[in-house]
$ cat query.txt   # compact mmCIF, C-alpha atoms and all ligand atoms
# COMPACT_ATOMS: atom_id res chain seq x y z
CA MET A 144 62.08 -53.71 -50.09
CA ASP A 145 59.38 -51.48 -48.62
CA ALA A 146 56.96 -50.18 -51.25
CA HIS A 147 57.62 -46.59 -50.20
CA ARG A 148 61.36 -46.71 -50.44
CA THR A 149 63.09 -45.28 -53.48
CA SER A 150 65.71 -47.53 -54.96
CA VAL A 151 68.47 -45.79 -56.86
CA SER A 152 67.77 -47.78 -60.00
CA SER A 153 64.08 -46.82 -60.15
CA ASP A 154 64.88 -43.18 -59.50
CA THR A 155 67.43 -42.93 -62.26
CA ALA A 156 65.27 -44.76 -64.81
CA THR A 157 64.56 -42.75 -67.93
CA ASP A 158 61.35 -40.78 -67.67
CA PRO A 159 60.11 -39.59 -71.08
CA THR A 160 57.91 -36.94 -69.46
CA VAL A 161 60.89 -35.09 -68.04
CA GLU A 162 62.37 -32.54 -70.40
CA ALA A 163 65.49 -30.45 -70.12
CA THR A 164 64.63 -26.75 -69.99
CA GLY A 165 66.28 -23.83 -71.72
CA GLN A 166 67.56 -22.39 -68.50
CA GLU A 167 70.09 -19.57 -68.48
CA LYS A 168 73.59 -21.03 -68.23
CA LEU A 169 75.46 -20.42 -65.00
CA VAL A 170 78.91 -20.58 -66.49
CA THR A 171 80.26 -17.48 -68.14
CA SER A 172 82.53 -19.38 -70.53
CA SER A 173 80.60 -22.50 -71.41
CA ILE A 174 82.32 -25.74 -70.52
CA VAL A 175 79.08 -27.67 -70.84
CA SER A 176 78.23 -29.06 -74.23
CA PRO A 177 74.61 -28.67 -75.44
CA GLU A 178 74.28 -32.45 -75.29
CA ALA A 179 75.01 -32.46 -71.57
CA VAL A 180 71.36 -32.32 -70.57
CA THR A 181 70.06 -34.13 -67.56
CA GLN A 182 66.78 -35.42 -66.30
CA PHE A 183 67.53 -34.03 -62.85
CA ARG A 184 67.13 -30.42 -61.83
CA ILE A 185 69.46 -30.88 -58.87
CA GLU A 186 71.97 -33.60 -58.21
CA LEU A 187 74.21 -33.89 -55.15
CA LYS A 188 77.14 -36.27 -55.54
CA ASN A 189 78.93 -37.52 -52.46
CA LEU A 190 78.73 -34.18 -50.73
CA ASP A 191 80.73 -33.55 -47.57
CA ILE A 192 80.14 -30.16 -45.96
CA TYR A 193 82.52 -28.60 -43.45
CA TYR A 194 82.67 -25.66 -41.09
CA SER A 195 86.46 -25.36 -40.86
CA ASP A 196 87.51 -28.81 -39.57
CA PHE A 197 84.04 -29.82 -38.41
CA LEU A 198 82.32 -32.29 -40.75
CA ALA A 199 78.64 -31.28 -40.55
CA VAL A 200 77.26 -33.35 -43.44
CA GLN A 201 78.74 -36.54 -44.82
CA GLY A 202 78.41 -38.32 -48.14
CA VAL A 203 75.06 -36.97 -49.30
CA SER A 204 74.06 -38.08 -52.79
CA LEU A 205 70.62 -37.43 -54.18
CA GLN A 206 68.72 -36.41 -57.28
CA VAL A 207 65.75 -34.08 -57.53
CA ARG A 208 63.56 -34.25 -60.61
CA PRO A 209 62.29 -31.07 -62.24
CA GLN A 210 59.00 -29.82 -60.81
CA SER A 211 59.00 -32.19 -57.90
CA VAL A 212 58.91 -31.50 -54.18
CA MET A 213 61.57 -33.09 -51.99
CA SER A 214 61.49 -32.67 -48.25
CA PHE A 215 64.25 -33.20 -45.71
CA ILE A 216 63.57 -34.15 -42.14
CA GLY A 217 65.93 -35.07 -39.33
CA PRO A 218 66.84 -34.18 -35.76
CA SER A 219 67.83 -30.65 -34.88
CA GLY A 220 71.47 -29.94 -35.76
CA CYS A 221 71.79 -32.82 -38.24
CA GLY A 222 72.67 -30.50 -41.12
CA LYS A 223 69.41 -29.81 -42.95
CA SER A 224 70.04 -26.07 -43.29
CA THR A 225 73.66 -26.76 -44.17
CA VAL A 226 72.65 -29.00 -47.09
CA LEU A 227 70.15 -26.41 -48.30
CA ARG A 228 72.70 -23.61 -48.16
CA SER A 229 75.20 -25.67 -50.13
CA ILE A 230 72.67 -25.87 -52.99
CA ASP A 231 72.69 -22.10 -53.58
CA ARG A 232 76.31 -21.52 -52.48
CA MET A 233 75.29 -19.53 -49.42
CA HIS A 234 77.27 -21.97 -47.29
CA GLU A 235 80.61 -20.59 -48.40
CA VAL A 236 79.69 -17.10 -47.17
CA THR A 237 80.49 -18.41 -43.65
CA PRO A 238 84.24 -18.01 -43.00
CA GLY A 239 86.03 -21.38 -43.08
CA ALA A 240 83.04 -23.18 -44.59
CA ARG A 241 83.60 -25.44 -47.59
CA VAL A 242 82.21 -28.42 -49.48
CA SER A 243 83.71 -31.40 -51.23
CA GLY A 244 81.81 -33.45 -53.80
CA GLN A 245 79.51 -31.98 -56.42
CA VAL A 246 76.28 -30.02 -56.67
CA LEU A 247 74.85 -30.06 -60.17
CA LEU A 248 72.08 -27.77 -61.37
CA ASP A 249 70.68 -29.06 -64.66
CA GLY A 250 73.87 -31.04 -65.04
CA GLU A 251 76.23 -28.11 -64.41
CA ASP A 252 78.60 -28.13 -61.46
CA ILE A 253 77.72 -24.95 -59.57
CA TYR A 254 81.09 -25.08 -57.77
CA ALA A 255 83.11 -25.13 -61.01
CA PRO A 256 85.74 -22.37 -61.04
CA ASN A 257 84.09 -20.38 -63.80
CA VAL A 258 80.64 -20.24 -62.16
CA ASP A 259 79.57 -16.94 -60.63
CA PRO A 260 78.08 -17.68 -57.15
CA VAL A 261 75.98 -14.52 -57.34
CA LEU A 262 74.26 -15.86 -60.45
CA VAL A 263 73.67 -19.21 -58.70
CA ARG A 264 71.98 -17.42 -55.78
CA ARG A 265 69.78 -15.51 -58.21
CA THR A 266 68.75 -18.64 -60.13
CA ILE A 267 67.79 -20.49 -56.98
CA GLY A 268 65.30 -18.85 -54.62
CA MET A 269 65.49 -19.24 -50.84
CA VAL A 270 62.85 -18.71 -48.15
CA PHE A 271 63.91 -18.84 -44.49
CA GLN A 272 62.10 -19.63 -41.26
CA ARG A 273 62.02 -16.03 -40.15
CA PRO A 274 60.41 -13.71 -42.66
CA ASN A 275 63.00 -11.17 -43.77
CA PRO A 276 61.32 -8.49 -45.86
CA PHE A 277 63.48 -5.41 -46.51
CA PRO A 278 62.14 -3.33 -43.62
CA THR A 279 62.24 0.12 -45.16
CA MET A 280 60.92 -0.96 -48.57
CA SER A 281 57.28 -0.84 -49.55
CA ILE A 282 55.36 -4.05 -50.17
CA TYR A 283 55.59 -3.35 -53.91
CA ASP A 284 59.37 -2.77 -53.84
CA ASN A 285 59.92 -5.86 -51.71
CA VAL A 286 58.30 -8.04 -54.38
CA ILE A 287 60.40 -6.61 -57.22
CA ALA A 288 63.65 -6.31 -55.23
CA GLY A 289 65.16 -9.37 -56.94
CA LEU A 290 63.91 -8.37 -60.38
CA LYS A 291 65.63 -5.01 -60.17
CA LEU A 292 68.91 -6.89 -59.95
CA GLU A 293 68.06 -8.87 -63.07
CA LYS A 294 69.65 -6.47 -65.50
CA SER A 295 70.94 -9.39 -67.55
CA ARG A 296 67.42 -10.55 -68.31
CA GLY A 297 66.42 -7.07 -69.50
CA VAL A 298 63.30 -6.98 -67.37
CA LYS A 299 61.20 -3.94 -68.30
CA LYS A 300 59.97 -1.62 -65.59
CA SER A 301 56.51 -1.60 -67.20
CA SER A 302 56.13 -5.30 -66.48
CA PHE A 303 56.70 -4.80 -62.74
CA ASP A 304 53.01 -4.11 -62.01
CA ASP A 305 51.99 -7.41 -63.60
CA THR A 306 54.72 -9.31 -61.77
CA VAL A 307 53.78 -7.79 -58.43
CA GLU A 308 50.13 -8.76 -58.87
CA ARG A 309 50.91 -12.27 -60.15
CA SER A 310 53.45 -12.98 -57.42
CA LEU A 311 51.24 -11.66 -54.62
CA GLN A 312 48.29 -13.60 -56.05
CA GLY A 313 50.52 -16.68 -56.16
CA ALA A 314 51.54 -16.18 -52.54
CA ASN A 315 47.88 -15.67 -51.60
CA LEU A 316 48.51 -12.16 -50.28
CA TRP A 317 47.15 -9.94 -53.04
CA ASP A 318 43.65 -9.42 -51.65
CA GLU A 319 45.03 -8.36 -48.28
CA VAL A 320 47.55 -5.81 -49.58
CA LYS A 321 46.40 -4.61 -52.99
CA ASP A 322 45.18 -1.28 -51.57
CA ARG A 323 48.37 -0.55 -49.64
CA LEU A 324 51.23 -1.64 -51.87
CA ASP A 325 53.16 1.52 -51.01
CA ARG A 326 53.19 0.75 -47.27
CA PRO A 327 56.28 -0.82 -45.62
CA GLY A 328 56.52 -4.62 -45.77
CA ALA A 329 57.60 -4.63 -42.13
CA GLY A 330 54.11 -3.44 -41.12
CA LEU A 331 52.51 -6.77 -42.07
CA SER A 332 51.77 -9.64 -39.66
CA GLY A 333 54.24 -12.57 -39.41
CA GLY A 334 52.22 -14.81 -41.73
CA GLN A 335 51.76 -11.96 -44.22
CA GLN A 336 55.48 -11.15 -44.13
CA GLN A 337 56.32 -14.77 -44.89
CA ARG A 338 53.91 -14.70 -47.85
CA LEU A 339 55.59 -11.47 -48.97
CA CYS A 340 58.96 -13.24 -48.88
CA ILE A 341 57.49 -16.11 -50.91
CA ALA A 342 56.11 -13.57 -53.42
CA ARG A 343 59.57 -11.96 -53.62
CA ALA A 344 61.17 -15.37 -54.22
CA ILE A 345 58.75 -16.40 -56.99
CA ALA A 346 58.78 -12.97 -58.68
CA VAL A 347 62.10 -13.80 -60.34
CA GLU A 348 60.62 -17.10 -61.58
CA PRO A 349 63.37 -19.27 -60.09
CA GLU A 350 63.94 -22.78 -61.38
CA VAL A 351 64.38 -23.99 -57.84
CA LEU A 352 62.95 -22.82 -54.54
CA LEU A 353 64.77 -23.82 -51.36
CA MET A 354 62.66 -23.48 -48.22
CA ASP A 355 64.19 -23.78 -44.76
CA GLU A 356 61.41 -24.46 -42.24
CA PRO A 357 59.50 -21.56 -43.79
CA PHE A 358 56.31 -22.13 -41.81
CA GLY A 359 57.98 -23.08 -38.53
CA ALA A 360 57.18 -19.80 -36.82
CA LEU A 361 53.50 -19.73 -37.82
CA ASP A 362 50.46 -20.85 -35.84
CA ALA A 363 48.94 -24.21 -36.78
CA GLN A 364 46.03 -22.78 -38.77
CA THR A 365 48.16 -20.36 -40.81
CA ARG A 366 50.66 -23.13 -41.35
CA LEU A 367 48.06 -25.42 -42.94
CA MET A 368 46.92 -22.62 -45.20
CA MET A 369 50.52 -21.90 -46.20
CA GLN A 370 51.18 -25.55 -47.02
CA GLU A 371 48.19 -25.69 -49.36
CA ASN A 372 49.19 -22.36 -50.81
CA LEU A 373 52.73 -23.61 -51.48
CA LEU A 374 51.32 -26.57 -53.38
CA SER A 375 49.25 -24.28 -55.58
CA ILE A 376 52.33 -22.09 -56.27
CA TRP A 377 54.29 -25.22 -57.05
CA SER A 378 51.73 -26.44 -59.58
CA GLU A 379 51.13 -22.98 -61.13
CA PHE A 380 54.77 -21.93 -61.45
CA GLY A 381 56.27 -25.37 -62.13
CA ILE A 382 59.04 -24.81 -59.60
CA THR A 383 61.25 -27.54 -58.17
CA VAL A 384 61.01 -27.31 -54.40
CA VAL A 385 63.45 -28.56 -51.75
CA PHE A 386 61.81 -28.16 -48.38
CA VAL A 387 63.34 -28.58 -44.92
CA THR A 388 61.11 -29.18 -41.94
CA HIS A 389 61.14 -30.99 -38.63
CA ASP A 390 57.38 -31.57 -38.93
CA VAL A 391 56.73 -35.08 -40.23
CA ASP A 392 53.14 -34.38 -41.31
CA GLU A 393 54.25 -31.35 -43.26
CA SER A 394 57.06 -33.25 -44.98
CA ILE A 395 54.71 -36.01 -46.16
CA PHE A 396 51.82 -33.72 -47.08
CA LEU A 397 53.98 -31.60 -49.40
CA ALA A 398 56.47 -33.97 -50.91
CA ASP A 399 56.99 -36.52 -53.64
CA ARG A 400 59.95 -37.79 -51.68
CA VAL A 401 60.94 -37.52 -48.04
CA LEU A 402 64.61 -37.85 -47.15
CA ILE A 403 65.44 -38.67 -43.56
CA MET A 404 68.79 -37.51 -42.20
CA SER A 405 70.87 -39.07 -39.46
CA ALA A 406 72.21 -37.20 -36.47
CA SER A 407 75.50 -35.34 -36.91
CA PRO A 408 77.40 -35.73 -39.16
CA GLY A 409 74.21 -35.67 -41.22
CA SER A 410 73.78 -38.28 -43.91
CA VAL A 411 70.73 -39.58 -45.72
CA ILE A 412 69.48 -42.72 -43.98
CA ASP A 413 66.18 -43.19 -45.78
CA ASP A 414 64.45 -42.06 -48.93
CA LEU A 415 60.67 -42.49 -49.04
CA ASN A 416 58.38 -42.19 -52.02
CA VAL A 417 55.09 -40.42 -51.33
CA THR A 418 52.60 -41.63 -53.88
CA LEU A 419 49.56 -39.85 -52.44
CA PRO A 420 47.59 -38.38 -55.35
CA ARG A 421 47.68 -34.67 -56.14
CA PRO A 422 46.11 -32.27 -55.51
CA ARG A 423 46.74 -33.11 -51.88
CA ASP A 424 43.96 -32.77 -49.38
CA PRO A 425 44.54 -32.38 -45.62
CA ALA A 426 42.06 -35.24 -45.12
CA MET A 427 44.69 -37.61 -46.59
CA ALA A 428 46.59 -37.31 -43.31
CA THR A 429 44.25 -39.87 -41.78
CA GLY A 430 44.65 -42.39 -44.62
CA SER A 431 46.64 -45.62 -44.36
CA GLU A 432 49.48 -44.62 -46.72
CA PHE A 433 50.06 -41.38 -44.84
CA MET A 434 50.00 -43.15 -41.49
CA ALA A 435 52.44 -45.84 -42.66
CA LEU A 436 54.90 -43.23 -43.91
CA LYS A 437 54.51 -41.23 -40.75
CA LYS A 438 55.35 -44.24 -38.62
CA ILE A 439 58.54 -44.92 -40.58
CA CYS A 440 59.60 -41.27 -40.26
CA LEU A 441 58.80 -40.95 -36.56
CA ASP A 442 60.59 -44.20 -35.67
CA GLN A 443 63.75 -43.17 -37.49
CA ILE A 444 63.76 -39.61 -36.17
CA ARG A 445 63.20 -40.82 -32.64
CA ALA A 446 66.16 -43.20 -32.93
CA GLU A 447 68.37 -40.50 -34.44
CA SER A 448 67.34 -37.86 -31.90
CA LEU A 449 68.24 -40.27 -29.13
CA ARG A 450 71.60 -40.93 -30.78
CA ALA A 451 72.21 -37.17 -31.10
CA PHE A 452 71.30 -36.67 -27.44
CA GLU A 453 73.68 -39.43 -26.34
CA GLN A 454 76.43 -37.97 -28.55
CA GLN A 455 76.03 -34.54 -26.96
CA ASN A 456 76.09 -35.96 -23.42
CA ARG A 457 78.98 -38.34 -23.86
N1 LIG A 501 78.15 -21.13 -39.00
C1 LIG A 501 78.45 -22.28 -38.41
N2 LIG A 501 79.68 -22.50 -37.90
C2 LIG A 501 80.02 -23.66 -37.31
N3 LIG A 501 79.16 -24.71 -37.19
C3 LIG A 501 77.92 -24.55 -37.67
C4 LIG A 501 77.50 -23.33 -38.32
N4 LIG A 501 76.20 -23.49 -38.70
C5 LIG A 501 75.84 -24.73 -38.31
N5 LIG A 501 76.85 -25.36 -37.71
C6 LIG A 501 76.84 -26.74 -37.16
O1 LIG A 501 76.57 -27.65 -38.22
C7 LIG A 501 75.68 -28.68 -37.79
C8 LIG A 501 74.44 -28.66 -38.68
O2 LIG A 501 73.73 -27.45 -38.45
P1 LIG A 501 72.39 -27.09 -39.24
O3 LIG A 501 72.63 -27.32 -40.70
O4 LIG A 501 72.00 -25.73 -38.83
O5 LIG A 501 71.37 -28.20 -38.69
P2 LIG A 501 69.77 -28.28 -38.83
O6 LIG A 501 69.34 -27.27 -39.83
O7 LIG A 501 69.50 -29.70 -39.22
O8 LIG A 501 69.24 -28.00 -37.46
C9 LIG A 501 75.39 -28.40 -36.31
O9 LIG A 501 76.27 -29.19 -35.54
C10 LIG A 501 75.70 -26.93 -36.17
O10 LIG A 501 76.12 -26.63 -34.86
MG MG A 502 68.09 -25.60 -39.67

$ encode --input "query.txt" --output "structure tokens"
Amino acid sequence: MDAHRTSVSSDTATDPTVEATGQEKLVTSSIVSPEAVTQFRIELKNLDIYYSDFLAVQGVSLQVRPQSVMSFIGPSGCGKSTVLRSIDRMHEVTPGARVSGQVLLDGEDIYAPNVDPVLVRRTIGMVFQRPNPFPTMSIYDNVIAGLKLEKSRGVKKSSFDDTVERSLQGANLWDEVKDRLDRPGAGLSGGQQQRLCIARAIAVEPEVLLMDEPFGALDAQTRLMMQENLLSIWSEFGITVVFVTHDVDESIFLADRVLIMSASPGSVIDDLNVTLPRPRDPAMATGSEFMALKKICLDQIRAESLRAFEQQNR
């Protein structure tokens, strides 16, 4: 087997460095015993995802370790966004959409009947390709928008100032906006708005951050800066990140594992370990390990894109 490829047995081996966290339970009446801890933050088990009768994603099983970065790549339309939206139960907001199989968060089935989907969406942060700050809200209010909903955590208003500064520092936006926090978020540039959305997502200190091509709309230079910035957020906040991109370099640069998806119906066709040391340095992109991984990814995506094209034109 290729040295980069993750075998199921090695991935599920016991890792003494991985601890279960005291995360808020999602279920209102606990069906999960205290012993039911898991070494995985997220686990997908044989997930099929439908839009009415259309099978968009088929048989996806995977595990994501706490505080790791997993990236998904695959041809356009293969179901990357669909998988991501099934992890925070946004998928079911679409009429007729449904899943079969299981999504576990810290060992708990987030689709169990007694789980509140609103709580799931609050526990798991999401950042989209297009920045979506609340247009009429100030920069300050945008950052704390999620926290204001967190009545159950008893967040004190007095701590908002600290959170705003820490989150904006984390998103590498503080210096640019600290003197105009009361101005509308919509007045910022595209790259700044995306950093504002990242600040808003990390302000609630989510266990998991889902990112759907978050830097896709940015110019190459800003994109590189944002990738490095994401890695510093990831190491500072200890978040588990699931990242979707169609950019092979980006997927390798960020991730501990790269999953490659087939054309529709999307399934996982390869699972690559990225053992490049951290902190990552853009110069690594010219090294032999990076290049070898890139070749595997590009070959598979090319084959799948061709298959998708042929499917569409049949
Ligand atoms: N709301 C929807 N209703 C019906 N089909 C959808 C919807 N959203 C996505 N799809 C279909 O599901 C498949 C996967 O889409 P998507 O997850 O957006 O792919 P990707 O993010 O990889 O480009 C595509 O065939 C797409 O047309
Ligand atoms: Mg998508």

$ closest_residue --input "query.txt" --among "A:Ser211, A:Ser378, A:Ser229, A:Gln370" --to "Asp191 (chain A)" --atoms "all atoms listed in the file"
A:Ser229

$ residues_near_ligand --input "query.txt" --ligand "ligand LIG 501 (chain A)" --cutoff "6 Å" --atoms "all atoms listed in the file" --output "ChimeraX atom specification"
/A:194,199,219-225,237

$ closest_residue --input "query.txt" --among "A:Ala406, A:Ala240, A:Ala329, A:Met434" --to "Phe197 (chain A)" --atoms "all atoms listed in the file"
A:Ala240

$ atom_distance --input "query.txt" --atom1 "CA of Ser405 (chain A)" --atom2 "CA of Asp390 (chain A)"
15.4 Å

$ atom_distance --input "query.txt" --atom1 "CA of Thr418 (chain A)" --atom2 "CA of Gln245 (chain A)"
28.7 Å

$ residues_around --input "query.txt" --residues "Glu319 (chain A)" --least-positions-apart "5" --cutoff "10 Å" --atoms "all atoms listed in the file" --output "list of chain:residue names"
A:Leu311, A:Gln312, A:Leu324, A:Leu331, A:Gln335

$ closest_residue --input "query.txt" --among "A:Pro357, A:Gly289, A:Pro420, A:Pro274" --to "ligand MG 502 (chain A)" --atoms "all atoms listed in the file"
A:Pro357

$ closest_residue --input "query.txt" --among "A:Ile395, A:Cys440, A:Val401, A:Leu227" --to "ligand MG 502 (chain A)" --atoms "only C-alpha atoms and all ligand atoms"
A:Leu227

$ closest_residue --input "query.txt" --among "A:Met280, A:Leu402, A:Ile345, A:Leu353" --to "Arg326 (chain A)" --atoms "only C-alpha atoms"
A:Met280

$ closest_residue --input "query.txt" --among "A:Leu373, A:Ile287, A:Val242, A:Val261" --to "Gly313 (chain A)" --atoms "all atoms listed in the file"
A:Leu373

$ atom_distance --input "query.txt" --atom1 "CA of Leu292 (chain A)" --atom2 "CA of Ile341 (chain A)"
17.2 Å

$ residues_near_point --input "query.txt" --point "(61.8, -23.4, -55.6)" --cutoff "10 Å" --atoms "all atoms listed in the file" --output "list of chain:residue names"
A:Gln210, A:Ser211, A:Val212, A:Thr266, A:Ile267, A:Gly268, A:Met269, A:Val270, A:Ile341, A:Ala344, A:Ile345, A:Glu348, A:Pro349, A:Glu350, A:Val351, A:Leu352, A:Leu353, A:Met354, A:Leu373, A:Ile376, A:Trp377, A:Phe380, A:Gly381, A:Ile382, A:Thr383, A:Val384, A:Val385, A:Phe386

$ residues_around --input "query.txt" --residues "Leu339 (chain A)" --least-positions-apart "2" --cutoff "10 Å" --atoms "all atoms listed in the file" --output "mmCIF file with C-alpha atoms, in the coordinates of the input"
data_model
loop_
_atom_site.group_PDB
_atom_site.id
_atom_site.type_symbol
_atom_site.label_atom_id
_atom_site.label_comp_id
_atom_site.auth_asym_id
_atom_site.auth_seq_id
_atom_site.Cartn_x
_atom_site.Cartn_y
_atom_site.Cartn_z
ATOM 1 C CA PRO A 274 60.410 -13.710 -42.660
ATOM 2 C CA ASN A 275 63.000 -11.170 -43.770
ATOM 3 C CA PRO A 276 61.320 -8.490 -45.860
ATOM 4 C CA ILE A 282 55.360 -4.050 -50.170
ATOM 5 C CA TYR A 283 55.590 -3.350 -53.910
ATOM 6 C CA ASN A 285 59.920 -5.860 -51.710
ATOM 7 C CA VAL A 286 58.300 -8.040 -54.380
ATOM 8 C CA SER A 310 53.450 -12.980 -57.420
ATOM 9 C CA LEU A 311 51.240 -11.660 -54.620
ATOM 10 C CA ALA A 314 51.540 -16.180 -52.540
ATOM 11 C CA ASN A 315 47.880 -15.670 -51.600
ATOM 12 C CA LEU A 316 48.510 -12.160 -50.280
ATOM 13 C CA TRP A 317 47.150 -9.940 -53.040
ATOM 14 C CA VAL A 320 47.550 -5.810 -49.580
ATOM 15 C CA GLY A 328 56.520 -4.620 -45.770
ATOM 16 C CA ALA A 329 57.600 -4.630 -42.130
ATOM 17 C CA LEU A 331 52.510 -6.770 -42.070
ATOM 18 C CA GLY A 333 54.240 -12.570 -39.410
ATOM 19 C CA GLY A 334 52.220 -14.810 -41.730
ATOM 20 C CA GLN A 335 51.760 -11.960 -44.220
ATOM 21 C CA GLN A 336 55.480 -11.150 -44.130
ATOM 22 C CA GLN A 337 56.320 -14.770 -44.890
ATOM 23 C CA ILE A 341 57.490 -16.110 -50.910
ATOM 24 C CA ALA A 342 56.110 -13.570 -53.420
ATOM 25 C CA ARG A 343 59.570 -11.960 -53.620
ATOM 26 C CA ALA A 344 61.170 -15.370 -54.220
ATOM 27 C CA ILE A 345 58.750 -16.400 -56.990
#

$ axis_aligned_box --input "query.txt" --around "region 386-404 of chain A" --padding-each-side "4 Å" --output "AutoDock Vina command-line options"
--center_x 60.3 --center_y -33.4 --center_z -46.1 --size_x 25.0 --size_y 18.5 --size_z 23.0

$ residues_around --input "query.txt" --residues "region 425-433 of chain A" --least-positions-apart "5" --cutoff "12 Å" --atoms "all atoms listed in the file" --output "MDAnalysis selection string"
chainID A and resid 146:147 364 366:368 370:371 374 391:398 401 415:420 438:440

$ residues_around --input "query.txt" --residues "Glu186 (chain A)" --least-positions-apart "2" --cutoff "7 Å" --atoms "only C-alpha atoms" --output "JSON, numbers by chain"
{"A": [183, 184, 188, 205, 206, 207, 246, 247, 248]}
